[in-house]
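Have a look at start34.csv; it's CSV, C-alpha atoms:
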```csv
chain,number,residue,atom,x,y,z
A,1,MET,CA,0.0,0.0,0.0
A,2,SER,CA,1.4,3.4,-1.0
A,3,SER,CA,0.9,6.7,0.8
A,4,ILE,CA,-0.1,9.3,-1.7
A,5,VAL,CA,-0.9,13.0,-1.5
A,6,VAL,CA,-3.2,14.5,-4.2
A,7,VAL,CA,-2.8,18.3,-4.3
A,8,GLY,CA,-6.0,20.0,-5.5
A,9,ALA,CA,-9.6,19.2,-4.4
A,10,GLY,CA,-11.5,20.2,-7.5
A,11,ILE,CA,-13.3,17.6,-9.6
A,12,ILE,CA,-10.1,16.3,-11.1
A,13,GLY,CA,-8.1,15.9,-7.9
A,14,THR,CA,-11.0,14.6,-5.9
A,15,THR,CA,-11.8,11.9,-8.5
A,16,ILE,CA,-8.2,10.8,-8.6
A,17,ALA,CA,-8.0,10.7,-4.8
A,18,TYR,CA,-11.2,8.6,-4.6
A,19,GLU,CA,-10.0,6.2,-7.3
A,20,LEU,CA,-6.5,5.8,-5.6
A,21,GLN,CA,-8.1,5.2,-2.2
A,22,ARG,CA,-10.6,2.8,-3.6
A,23,ARG,CA,-7.7,0.7,-4.9
A,24,GLY,CA,-6.3,0.3,-1.4
A,25,ASN,CA,-3.8,3.1,-1.1
A,26,SER,CA,-3.6,5.6,1.8
A,27,VAL,CA,-4.5,8.9,0.3
A,28,ALA,CA,-4.5,12.5,1.6
A,29,LEU,CA,-6.4,15.1,-0.5
A,30,LEU,CA,-4.8,18.5,0.1
A,31,ASP,CA,-6.1,21.9,-0.9
A,32,ARG,CA,-5.8,25.4,0.5
A,33,ALA,CA,-9.7,25.7,0.4
A,34,ALA,CA,-12.6,23.4,0.9
A,35,PRO,CA,-13.3,20.8,-1.8
A,36,GLY,CA,-14.8,22.1,-5.1
A,37,MET,CA,-14.4,25.8,-4.4
A,38,GLY,CA,-12.3,26.6,-7.5
A,39,ALA,CA,-13.3,26.1,-11.1
A,40,SER,CA,-15.4,23.1,-10.1
A,41,TYR,CA,-17.7,25.3,-8.2
A,42,GLY,CA,-18.9,27.4,-11.1
A,43,ASN,CA,-18.3,25.4,-14.3
A,44,MET,CA,-21.2,25.0,-16.8
A,45,ALA,CA,-22.1,21.5,-15.5
A,46,SER,CA,-21.7,20.0,-19.0
A,47,ILE,CA,-20.4,16.6,-20.0
A,48,ALA,CA,-19.2,18.1,-23.2
A,49,VAL,CA,-18.0,15.1,-25.2
A,50,THR,CA,-18.2,16.9,-28.5
A,51,GLU,CA,-16.0,19.8,-27.4
A,52,PHE,CA,-12.5,18.3,-27.6
A,53,MET,CA,-11.4,20.3,-30.6
A,54,PRO,CA,-8.2,22.4,-30.1
A,55,ALA,CA,-8.8,26.1,-29.7
A,56,SER,CA,-6.0,26.8,-32.1
A,57,ARG,CA,-7.9,25.6,-35.2
A,58,PRO,CA,-8.2,28.0,-38.1
A,59,GLY,CA,-11.9,28.8,-37.5
A,60,ILE,CA,-10.9,30.4,-34.2
A,61,TRP,CA,-7.9,32.2,-35.5
A,62,ALA,CA,-10.1,33.8,-38.2
A,63,GLN,CA,-12.4,35.3,-35.6
A,64,MET,CA,-9.8,36.3,-33.0
A,65,PRO,CA,-9.1,39.8,-34.3
A,66,LYS,CA,-12.8,40.7,-34.4
A,67,TRP,CA,-13.3,39.3,-30.9
A,68,LEU,CA,-10.3,41.1,-29.4
A,69,LEU,CA,-11.4,44.4,-30.9
A,70,ASP,CA,-14.9,44.1,-29.6
A,71,PRO,CA,-15.2,45.3,-25.9
A,72,GLU,CA,-18.1,42.8,-25.5
A,73,GLY,CA,-16.4,40.0,-27.5
A,74,PRO,CA,-16.0,36.5,-26.1
A,75,VAL,CA,-12.2,36.9,-25.7
A,76,ARG,CA,-10.5,39.7,-23.7
A,77,ILE,CA,-6.8,40.2,-22.9
A,78,ARG,CA,-6.0,42.7,-20.2
A,79,PRO,CA,-3.4,45.0,-21.8
A,80,GLY,CA,-1.0,44.8,-18.8
A,81,TYR,CA,-1.0,41.0,-18.9
A,82,LEU,CA,-0.2,40.8,-22.7
A,83,PRO,CA,3.6,40.6,-22.4
A,84,LYS,CA,3.4,37.6,-20.1
A,85,LEU,CA,1.2,35.8,-22.6
A,86,VAL,CA,3.6,36.0,-25.5
A,87,PRO,CA,5.4,32.6,-24.9
A,88,TRP,CA,2.0,31.0,-24.4
A,89,PHE,CA,0.6,32.5,-27.7
A,90,LEU,CA,3.6,31.3,-29.6
A,91,ARG,CA,2.9,27.8,-28.5
A,92,PHE,CA,-0.8,28.3,-29.3
A,93,LEU,CA,0.3,29.4,-32.8
A,94,ALA,CA,2.5,26.3,-33.2
A,95,ALA,CA,-0.5,24.1,-32.3
A,96,SER,CA,-2.4,25.4,-35.3
A,97,ARG,CA,-0.3,23.5,-37.9
A,98,PRO,CA,-2.7,21.2,-39.9
A,99,SER,CA,-0.7,18.0,-39.0
A,100,LYS,CA,-0.5,19.1,-35.3
A,101,LEU,CA,-4.3,19.8,-35.2
A,102,ARG,CA,-5.0,16.3,-36.4
A,103,GLU,CA,-2.9,14.9,-33.6
A,104,LEU,CA,-4.6,17.1,-31.0
A,105,GLU,CA,-8.1,16.3,-32.2
A,106,ALA,CA,-7.3,12.6,-32.0
A,107,ALA,CA,-5.9,13.0,-28.4
A,108,GLY,CA,-9.1,14.7,-27.3
A,109,ALA,CA,-11.3,12.3,-29.1
A,110,VAL,CA,-9.7,9.3,-27.4
A,111,LEU,CA,-10.6,10.7,-24.0
A,112,CYS,CA,-14.1,11.7,-25.0
A,113,ARG,CA,-14.9,8.3,-26.3
A,114,ARG,CA,-14.2,6.9,-22.9
A,115,VAL,CA,-16.1,9.4,-20.9
A,116,TYR,CA,-19.4,7.6,-20.3
A,117,GLN,CA,-17.7,4.2,-19.8
A,118,ASP,CA,-15.7,5.8,-16.9
A,119,LEU,CA,-18.3,8.2,-15.7
A,120,ASP,CA,-21.2,5.7,-15.5
A,121,ALA,CA,-19.0,3.3,-13.5
A,122,LEU,CA,-17.9,6.1,-11.1
A,123,LEU,CA,-21.5,7.3,-10.5
A,124,LYS,CA,-22.9,3.8,-10.1
A,125,GLU,CA,-20.3,2.7,-7.6
A,126,THR,CA,-20.7,5.9,-5.5
A,127,GLY,CA,-24.5,5.9,-5.7
A,128,LEU,CA,-24.6,9.2,-7.6
A,129,THR,CA,-26.2,8.3,-10.9
A,130,HIS,CA,-29.1,10.7,-10.1
A,131,MET,CA,-26.7,13.6,-10.6
A,132,LEU,CA,-26.4,13.0,-14.4
A,133,THR,CA,-29.3,14.3,-16.5
A,134,ALA,CA,-30.7,12.5,-19.5
A,135,GLU,CA,-30.9,15.6,-21.7
A,136,GLY,CA,-28.3,16.8,-24.2
A,137,CYS,CA,-27.2,20.2,-25.5
A,138,LEU,CA,-28.6,22.4,-28.3
A,139,SER,CA,-26.2,24.4,-30.5
A,140,LEU,CA,-28.1,27.4,-31.9
A,141,TYR,CA,-27.9,29.2,-35.3
A,142,THR,CA,-30.0,32.0,-36.6
A,143,ASP,CA,-29.5,31.0,-40.3
A,144,GLU,CA,-27.5,28.9,-42.7
A,145,ALA,CA,-24.6,31.4,-42.7
A,146,GLU,CA,-24.1,30.9,-39.0
A,147,PHE,CA,-24.4,27.1,-39.3
A,148,ARG,CA,-21.9,27.1,-42.1
A,149,ALA,CA,-19.5,29.1,-40.0
A,150,ASP,CA,-19.6,26.3,-37.4
A,151,ARG,CA,-19.4,23.5,-40.0
A,152,GLU,CA,-15.7,22.7,-39.1
A,153,HIS,CA,-17.0,21.6,-35.7
A,154,ILE,CA,-19.5,19.2,-37.3
A,155,GLU,CA,-17.0,17.8,-39.7
A,156,ILE,CA,-14.6,16.9,-36.9
A,157,LEU,CA,-17.4,15.1,-35.0
A,158,GLU,CA,-18.3,13.2,-38.2
A,159,ARG,CA,-14.7,12.1,-38.6
A,160,PHE,CA,-14.6,10.7,-35.1
A,161,GLY,CA,-18.1,9.3,-35.0
A,162,PHE,CA,-19.8,11.4,-32.4
A,163,ARG,CA,-23.6,11.7,-32.5
A,164,TYR,CA,-25.5,14.8,-33.5
A,165,ASP,CA,-28.9,15.7,-35.1
A,166,ILE,CA,-29.7,18.8,-37.2
A,167,LEU,CA,-33.1,20.4,-36.3
A,168,GLY,CA,-35.3,23.0,-37.9
A,169,GLY,CA,-37.3,25.8,-36.3
A,170,ASN,CA,-40.4,24.1,-35.0
A,171,ALA,CA,-38.5,21.0,-33.8
A,172,ILE,CA,-36.2,23.3,-31.8
A,173,ARG,CA,-39.0,25.0,-30.0
A,174,ASP,CA,-40.7,21.6,-29.3
A,175,LEU,CA,-37.6,20.8,-27.3
A,176,GLU,CA,-37.2,24.2,-25.7
A,177,PRO,CA,-40.3,26.5,-26.0
A,178,ALA,CA,-38.5,29.4,-24.3
A,179,LEU,CA,-36.2,29.9,-27.2
A,180,THR,CA,-36.6,32.9,-29.6
A,181,THR,CA,-38.2,32.3,-33.0
A,182,LYS,CA,-35.1,34.0,-34.4
A,183,ILE,CA,-33.3,30.6,-34.1
A,184,GLY,CA,-33.8,28.9,-37.5
A,185,LYS,CA,-31.5,25.9,-37.0
A,186,ALA,CA,-30.0,23.9,-34.2
A,187,VAL,CA,-27.8,20.9,-33.7
A,188,LEU,CA,-28.7,18.5,-30.9
A,189,PHE,CA,-25.7,16.8,-29.2
A,190,PRO,CA,-27.6,14.1,-27.3
A,191,ASP,CA,-24.5,12.9,-25.4
A,192,ASN,CA,-23.6,16.3,-24.0
A,193,ARG,CA,-25.6,15.7,-20.9
A,194,SER,CA,-25.3,17.8,-17.7
A,195,ILE,CA,-24.7,17.4,-14.0
A,196,THR,CA,-27.5,18.6,-11.7
A,197,ASP,CA,-25.0,20.4,-9.5
A,198,PRO,CA,-21.2,20.2,-10.2
A,199,HIS,CA,-20.2,21.6,-6.8
A,200,LYS,CA,-22.4,19.1,-4.9
A,201,LEU,CA,-20.8,16.3,-7.1
A,202,VAL,CA,-17.3,17.2,-5.8
A,203,LEU,CA,-18.6,17.3,-2.2
A,204,ALA,CA,-20.3,13.9,-2.6
A,205,LEU,CA,-17.2,12.4,-4.1
A,206,ALA,CA,-15.1,13.9,-1.3
A,207,GLU,CA,-17.4,12.3,1.3
A,208,LYS,CA,-17.2,8.9,-0.5
A,209,PHE,CA,-13.4,9.3,-0.5
A,210,GLN,CA,-13.4,9.9,3.3
A,211,ALA,CA,-15.8,7.1,3.9
A,212,LEU,CA,-13.1,4.8,2.4
A,213,GLY,CA,-10.5,6.1,4.8
A,214,GLY,CA,-9.2,9.0,2.8
A,215,ARG,CA,-7.9,12.0,4.6
A,216,MET,CA,-8.6,15.7,3.9
A,217,VAL,CA,-5.7,18.2,4.6
A,218,GLN,CA,-6.2,22.0,4.3
A,219,GLY,CA,-3.0,24.0,3.5
A,220,ASP,CA,-1.0,25.8,0.9
A,221,VAL,CA,2.0,24.1,-0.6
A,222,ALA,CA,5.2,26.3,-0.2
A,223,ASP,CA,7.9,23.8,-1.3
A,224,PHE,CA,8.8,20.2,-1.9
A,225,GLU,CA,11.6,18.1,-0.5
A,226,GLN,CA,12.6,14.8,-2.1
A,227,SER,CA,14.3,11.8,-0.5
A,228,GLU,CA,14.9,8.2,-1.3
A,229,ALA,CA,11.7,7.4,0.7
A,230,GLY,CA,9.4,9.7,-1.2
A,231,VAL,CA,8.3,13.4,-1.3
A,232,SER,CA,7.6,15.8,1.6
A,233,LEU,CA,5.4,18.8,1.0
A,234,ARG,CA,6.2,21.8,3.2
A,235,LEU,CA,3.1,23.9,3.8
A,236,ALA,CA,3.0,27.7,4.2
A,237,ASP,CA,2.1,27.4,7.9
A,238,GLY,CA,5.2,25.3,8.6
A,239,ARG,CA,3.6,21.8,8.6
A,240,SER,CA,4.9,19.0,6.5
A,241,VAL,CA,3.0,16.2,4.8
A,242,ALA,CA,5.1,13.2,3.7
A,243,ALA,CA,4.1,10.6,1.1
A,244,ASP,CA,5.6,8.0,-1.1
A,245,LYS,CA,4.0,9.7,-4.1
A,246,VAL,CA,2.4,13.0,-5.0
A,247,VAL,CA,-0.1,13.9,-7.7
A,248,LEU,CA,-0.4,17.6,-8.6
A,249,ALA,CA,-3.9,18.3,-9.8
A,250,ALA,CA,-4.5,22.0,-8.7
A,251,GLY,CA,-5.9,23.2,-11.9
A,252,ALA,CA,-4.6,26.6,-13.1
A,253,PHE,CA,-2.5,26.8,-9.9
A,254,THR,CA,-0.5,23.8,-10.8
A,255,ALA,CA,2.0,26.0,-12.7
A,256,ARG,CA,3.1,27.5,-9.4
A,257,LEU,CA,3.7,24.1,-8.0
A,258,SER,CA,5.6,22.8,-11.1
A,259,ALA,CA,7.8,26.0,-10.9
A,260,LEU,CA,8.8,24.9,-7.3
A,261,LEU,CA,10.0,21.7,-8.9
A,262,ARG,CA,11.8,23.6,-11.6
A,263,GLU,CA,9.6,22.0,-14.2
A,264,PRO,CA,7.7,24.9,-15.8
A,265,ILE,CA,4.5,24.1,-17.6
A,266,PRO,CA,3.0,26.6,-20.1
A,267,LEU,CA,-0.3,26.7,-18.1
A,268,GLU,CA,-2.4,29.8,-18.2
A,269,THR,CA,-5.7,30.7,-16.7
A,270,GLU,CA,-8.7,31.3,-19.0
A,271,ARG,CA,-10.8,33.2,-16.5
A,272,GLY,CA,-14.5,32.3,-17.0
A,273,TYR,CA,-17.6,34.0,-15.6
A,274,HIS,CA,-21.1,32.8,-14.8
A,275,THR,CA,-24.4,34.2,-13.5
A,276,GLN,CA,-26.5,31.8,-11.5
A,277,ILE,CA,-30.2,32.7,-11.7
A,278,MET,CA,-32.5,31.0,-9.2
A,279,GLU,CA,-35.7,32.6,-10.4
A,280,PRO,CA,-35.3,32.8,-14.2
A,281,GLY,CA,-39.0,33.0,-15.1
A,282,ILE,CA,-38.6,30.2,-17.6
A,283,SER,CA,-37.9,26.5,-17.6
A,284,MET,CA,-35.3,24.6,-19.6
A,285,ARG,CA,-34.5,20.9,-20.1
A,286,HIS,CA,-31.4,21.1,-22.3
A,287,SER,CA,-28.3,23.2,-22.1
A,288,ILE,CA,-27.8,25.5,-25.0
A,289,ILE,CA,-24.8,27.1,-26.7
A,290,TRP,CA,-24.9,29.8,-29.4
A,291,PRO,CA,-21.5,29.7,-31.1
A,292,ALA,CA,-21.9,33.0,-32.9
A,293,ARG,CA,-22.6,34.7,-29.5
A,294,ALA,CA,-20.1,32.6,-27.5
A,295,PHE,CA,-22.2,31.8,-24.4
A,296,MET,CA,-23.8,28.8,-22.8
A,297,VAL,CA,-26.9,28.3,-20.6
A,298,THR,CA,-27.4,25.2,-18.4
A,299,PRO,CA,-30.2,24.3,-16.0
A,300,THR,CA,-28.1,23.4,-12.9
A,301,ALA,CA,-27.7,24.0,-9.2
A,302,GLY,CA,-31.5,24.6,-8.7
A,303,GLY,CA,-31.7,27.3,-11.3
A,304,ILE,CA,-30.3,28.4,-14.7
A,305,ARG,CA,-26.6,29.2,-15.1
A,306,VAL,CA,-25.3,31.6,-17.9
A,307,GLY,CA,-21.6,31.3,-18.6
A,308,GLY,CA,-18.8,31.5,-21.0
A,309,THR,CA,-16.2,34.0,-22.2
A,310,VAL,CA,-12.4,33.9,-22.0
A,311,GLU,CA,-10.4,36.5,-20.1
A,312,MET,CA,-6.6,36.3,-20.0
A,313,ALA,CA,-5.5,38.3,-17.0
A,314,GLY,CA,-3.6,35.9,-14.8
A,315,LEU,CA,-4.5,34.5,-11.4
A,316,ASN,CA,-4.3,37.7,-9.3
A,317,ALA,CA,-6.3,40.4,-11.1
A,318,PRO,CA,-9.7,41.2,-9.6
A,319,PRO,CA,-12.8,40.0,-11.4
A,320,ASP,CA,-14.5,42.2,-14.0
A,321,TYR,CA,-18.1,41.3,-13.6
A,322,ARG,CA,-19.0,43.3,-16.7
A,323,ARG,CA,-18.1,40.0,-18.5
A,324,ALA,CA,-20.9,38.2,-16.6
A,325,LYS,CA,-23.4,40.9,-17.5
A,326,ILE,CA,-22.5,40.7,-21.2
A,327,LEU,CA,-23.2,37.0,-21.1
A,328,VAL,CA,-26.7,37.5,-19.6
A,329,LYS,CA,-27.4,40.1,-22.3
A,330,ARG,CA,-26.4,37.6,-24.9
A,331,ALA,CA,-28.5,34.9,-23.3
A,332,ARG,CA,-31.6,37.1,-23.4
A,333,GLU,CA,-31.2,37.2,-27.2
A,334,ALA,CA,-31.9,33.4,-27.2
A,335,LEU,CA,-34.3,33.4,-24.2
A,336,PRO,CA,-36.3,36.6,-24.4
A,337,GLU,CA,-38.3,35.9,-21.2
A,338,LEU,CA,-35.3,35.2,-19.1
A,339,LYS,CA,-35.2,37.2,-15.8
A,340,ALA,CA,-32.1,37.8,-13.8
A,341,GLU,CA,-33.3,39.5,-10.6
A,342,GLY,CA,-31.5,38.3,-7.5
A,343,ALA,CA,-28.8,36.5,-9.5
A,344,THR,CA,-25.3,35.9,-8.3
A,345,GLU,CA,-22.1,36.4,-10.3
A,346,TRP,CA,-18.9,34.3,-10.1
A,347,MET,CA,-15.4,34.1,-11.7
A,348,GLY,CA,-13.1,31.1,-11.8
A,349,HIS,CA,-9.9,29.9,-13.4
A,350,ARG,CA,-9.9,27.3,-16.1
A,351,PRO,CA,-6.4,25.7,-16.5
A,352,ALA,CA,-5.5,26.3,-20.1
A,353,LEU,CA,-2.6,24.8,-22.1
A,354,PRO,CA,-1.8,26.2,-25.5
A,355,ASP,CA,-2.7,22.9,-27.3
A,356,THR,CA,-5.9,22.2,-25.4
A,357,VAL,CA,-4.8,18.7,-24.5
A,358,PRO,CA,-4.4,18.0,-20.7
A,359,VAL,CA,-1.2,17.0,-19.0
A,360,MET,CA,-1.6,13.6,-17.4
A,361,GLY,CA,1.5,11.6,-16.5
A,362,PRO,CA,4.7,11.4,-14.5
A,363,SER,CA,7.1,14.3,-13.9
A,364,ALA,CA,10.0,14.3,-16.4
A,365,LYS,CA,12.3,15.6,-13.7
A,366,ARG,CA,11.2,14.3,-10.3
A,367,ARG,CA,10.7,10.8,-9.1
A,368,ASN,CA,7.4,9.9,-7.5
A,369,VAL,CA,5.6,13.1,-8.8
A,370,TRP,CA,2.7,13.0,-11.3
A,371,TYR,CA,0.7,15.7,-13.0
A,372,ALA,CA,-3.0,15.9,-13.9
A,373,THR,CA,-3.8,19.4,-15.1
A,374,GLY,CA,-4.7,21.6,-18.0
A,375,HIS,CA,-8.1,20.2,-18.7
A,376,GLY,CA,-9.4,23.6,-19.9
A,377,HIS,CA,-13.1,23.7,-20.5
A,378,LEU,CA,-13.4,19.9,-20.0
A,379,GLY,CA,-12.5,19.3,-16.4
A,380,LEU,CA,-15.9,17.9,-15.5
A,381,THR,CA,-16.1,16.0,-18.7
A,382,TYR,CA,-12.7,14.3,-18.3
A,383,ALA,CA,-12.8,13.8,-14.5
A,384,ALA,CA,-13.8,10.2,-14.3
A,385,THR,CA,-11.5,9.2,-17.1
A,386,THR,CA,-8.6,11.1,-15.6
A,387,GLY,CA,-9.2,9.4,-12.3
A,388,ARG,CA,-9.0,6.0,-13.9
A,389,LEU,CA,-6.0,6.8,-16.1
A,390,MET,CA,-4.0,8.5,-13.3
A,391,ALA,CA,-4.7,5.7,-10.8
A,392,ASP,CA,-3.4,3.2,-13.3
A,393,LEU,CA,-0.2,5.3,-13.8
A,394,VAL,CA,0.5,6.1,-10.2
A,395,THR,CA,0.0,2.5,-9.1
A,396,GLY,CA,2.1,1.0,-11.9
A,397,GLY,CA,-0.8,-0.3,-13.9
A,398,GLU,CA,-1.2,-0.2,-17.7
A,399,PRO,CA,-3.7,2.5,-18.8
A,400,PRO,CA,-6.2,1.5,-21.5
A,401,VAL,CA,-5.0,4.3,-23.8
A,402,ASP,CA,-1.7,5.5,-25.1
A,403,MET,CA,-0.6,8.2,-22.6
A,404,LYS,CA,2.2,9.7,-24.8
A,405,PRO,CA,0.0,12.6,-26.1
A,406,TYR,CA,-0.6,13.8,-22.5
A,407,ARG,CA,3.0,13.8,-21.2
A,408,VAL,CA,4.3,16.9,-19.4
A,409,ASP,CA,7.5,17.3,-21.5
A,410,ARG,CA,5.7,17.5,-24.9
A,411,PHE,CA,6.3,21.3,-25.0
```

Transcribe the structure of this file into structure tokens.
Amino acid sequence: MSSIVVVGAGIIGTTIAYELQRRGNSVALLDRAAPGMGASYGNMASIAVTEFMPASRPGIWAQMPKWLLDPEGPVRIRPGYLPKLVPWFLRFLAASRPSKLRELEAAGAVLCRRVYQDLDALLKETGLTHMLTAEGCLSLYTDEAEFRADREHIEILERFGFRYDILGGNAIRDLEPALTTKIGKAVLFPDNRSITDPHKLVLALAEKFQALGGRMVQGDVADFEQSEAGVSLRLADGRSVAADKVVLAAGAFTARLSALLREPIPLETERGYHTQIMEPGISMRHSIIWPARAFMVTPTAGGIRVGGTVEMAGLNAPPDYRRAKILVKRAREALPELKAEGATEWMGHRPALPDTVPVMGPSAKRRNVWYATGHGHLGLTYAATTGRLMADLVTGGEPPVDMKPYRVDRF
């Protein structure tokens, strides 16, 4: 039996810790905050198996100048942070080569094909199957021109065999009557189901982890010390936590930890915003996305959540909640009767790598250290699969997929 510390109690770290503990290890789950209080608290609750495409594809590049020049556009870079982003953007550019894009698409598709196999097993064994809805996601288009602009997405799904259905106006509103009649076309992704409350899912998994004998530790990692016996984590308050093995799964904050190990990872934060509306004045069954407006709406956490946008401003800049208000404004274009009185706003840090593919695997420089980070917009989607794959790696097993595309030293 190994003693293992998993750093990061979001959905990724908690799922890894649960899986390692379930396999008979002695696991401590360490975070400076309570479980699920980072990006896992406010994500869009979507099991988005059709959204594995790299962000560096040509269709995104073509729209980037327009987005950056629009103060209400879906991408914003704070000017003072731009110099720090230059190395990341150069790697982002390198990931847009056609041959590289095919590699990255395949690496994402491999994970997404496994999602329900691993997620269904996890939810069944933990008694949490009720937290996964049966409904899919609708992608909205006003007309043929908008649909054609998103055709690249559909072609990639066709290539990898993911399901979708194209719908016309009346069929769309049969599924979601609250949608505006301005939507002339939609694509239903039946496998992009939702979680009823992503924060509660993390809490429930943390409880299951502890019921198996897992230990929760609250603290902030200040440094690492390595010995023949394993790894010791020195916390900011002076305590030390020793283990045979360490898994770093702290989302966007993992870059700070890897820097302590002198193993820099090109990990940035894509700051995302949401507005949680508990009295929306409408009902919804499906989640919706509108690619041309770059927002998403999901029925979750007892209400309706409006989210999206990408803001590049680092980990320390204060939130700009104008971004959340823009998203609600966009959502009302799709849902004219949507009300937002008494809503709450939130900002969180998505861990973004320039090639959109997560890092999952051993450190290239330190023995007994593993990484699981950079899941971007797909942390919830990939969580159960990441837990399975990382538990295999850490315990010396053979993962069911080739892990080379996810290695930390690929950059």

Between A:Ala55, A:Ala62, A:Ile195, A:Ala145, which is the closest to A:Glu105 once you count only C-alpha atoms? A:Ala55

In Å, how far is it from atom CA of A:Gly42 to atom CA of A:Gly108? 22.8 Å

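Take the candidates A:Met1, A:Ala178, A:Val75, A:Leu201 and check each one against A:Pro336 using only C-alpha atoms; the shortest distance goes to A:Ala178.
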
Counting all atoms listed in the file, closest pick from A:Arg285, A:Arg305, A:Arg151, A:Arg293 relative to A:Tyr273 is A:Arg305

Counting all atoms listed in the file, figure out which residue out of A:Thr181, A:Ser56, A:Thr373, A:Ser287 gets nearest to A:Ala95. A:Ser56

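Look at A:Ala292: the protein and nucleic acid residues within 8 Å of it, using all atoms listed in the file and passing over chain neighbours fewer than 2 places away, are Tyr141, Glu146, Trp290 and Ala294 of chain A.
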
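For stretch 115-119 of chain A, the non-local neighbours within 7 Å, defined as residues at least 2 positions apart in the same chain or in other chains and counting only C-alpha atoms, are A:Leu111, A:Cys112, A:Arg113, A:Ala121, A:Leu122, A:Leu123, A:Thr381, A:Tyr382, A:Ala384, A:Thr385.
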
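Here atom CA of A:Ile326 and atom CA of A:Glu72 stand 6.5 Å from one another.
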
Using the atoms already present, construct N, CA and C atoms for stretch 236-250 of chain A and hand them back as an mmCIF file, keeping the file's coordinate frame.
```cif
data_model
loop_
_atom_site.group_PDB
_atom_site.id
_atom_site.type_symbol
_atom_site.label_atom_id
_atom_site.label_comp_id
_atom_site.auth_asym_id
_atom_site.auth_seq_id
_atom_site.Cartn_x
_atom_site.Cartn_y
_atom_site.Cartn_z
ATOM 1 N N ALA A 236 2.680 26.322 3.872
ATOM 2 C CA ALA A 236 3.000 27.700 4.200
ATOM 3 C C ALA A 236 2.947 27.978 5.701
ATOM 4 N N ASP A 237 2.190 27.188 6.458
ATOM 5 C CA ASP A 237 2.100 27.400 7.900
ATOM 6 C C ASP A 237 3.173 26.620 8.681
ATOM 7 N N GLY A 238 4.108 25.984 7.954
ATOM 8 C CA GLY A 238 5.200 25.300 8.600
ATOM 9 C C GLY A 238 5.013 23.790 8.749
ATOM 10 N N ARG A 239 3.810 23.295 8.560
ATOM 11 C CA ARG A 239 3.600 21.800 8.600
ATOM 12 C C ARG A 239 4.220 21.147 7.440
ATOM 13 N N SER A 240 4.459 19.859 7.589
ATOM 14 C CA SER A 240 4.900 19.000 6.500
ATOM 15 C C SER A 240 4.022 17.836 6.320
ATOM 16 N N VAL A 241 3.829 17.435 5.080
ATOM 17 C CA VAL A 241 3.000 16.200 4.800
ATOM 18 C C VAL A 241 3.919 15.350 3.904
ATOM 19 N N ALA A 242 4.230 14.170 4.396
ATOM 20 C CA ALA A 242 5.100 13.200 3.700
ATOM 21 C C ALA A 242 4.309 12.160 3.002
ATOM 22 N N ALA A 243 4.826 11.682 1.858
ATOM 23 C CA ALA A 243 4.100 10.600 1.100
ATOM 24 C C ALA A 243 5.140 9.893 0.243
ATOM 25 N N ASP A 244 4.762 8.692 -0.157
ATOM 26 C CA ASP A 244 5.600 8.000 -1.100
ATOM 27 C C ASP A 244 5.467 8.631 -2.509
ATOM 28 N N LYS A 245 4.264 9.144 -2.825
ATOM 29 C CA LYS A 245 4.000 9.700 -4.100
ATOM 30 C C LYS A 245 3.105 10.921 -4.035
ATOM 31 N N VAL A 246 3.240 11.816 -5.021
ATOM 32 C CA VAL A 246 2.400 13.000 -5.000
ATOM 33 C C VAL A 246 1.838 13.226 -6.425
ATOM 34 N N VAL A 247 0.562 13.590 -6.451
ATOM 35 C CA VAL A 247 -0.100 13.900 -7.700
ATOM 36 C C VAL A 247 -0.519 15.396 -7.633
ATOM 37 N N LEU A 248 -0.067 16.183 -8.598
ATOM 38 C CA LEU A 248 -0.400 17.600 -8.600
ATOM 39 C C LEU A 248 -1.538 17.838 -9.589
ATOM 40 N N ALA A 249 -2.690 18.194 -9.013
ATOM 41 C CA ALA A 249 -3.900 18.300 -9.800
ATOM 42 C C ALA A 249 -4.665 19.602 -9.306
ATOM 43 N N ALA A 250 -3.929 20.710 -9.250
ATOM 44 C CA ALA A 250 -4.500 22.000 -8.700
ATOM 45 C C ALA A 250 -4.949 22.916 -9.754
#
```
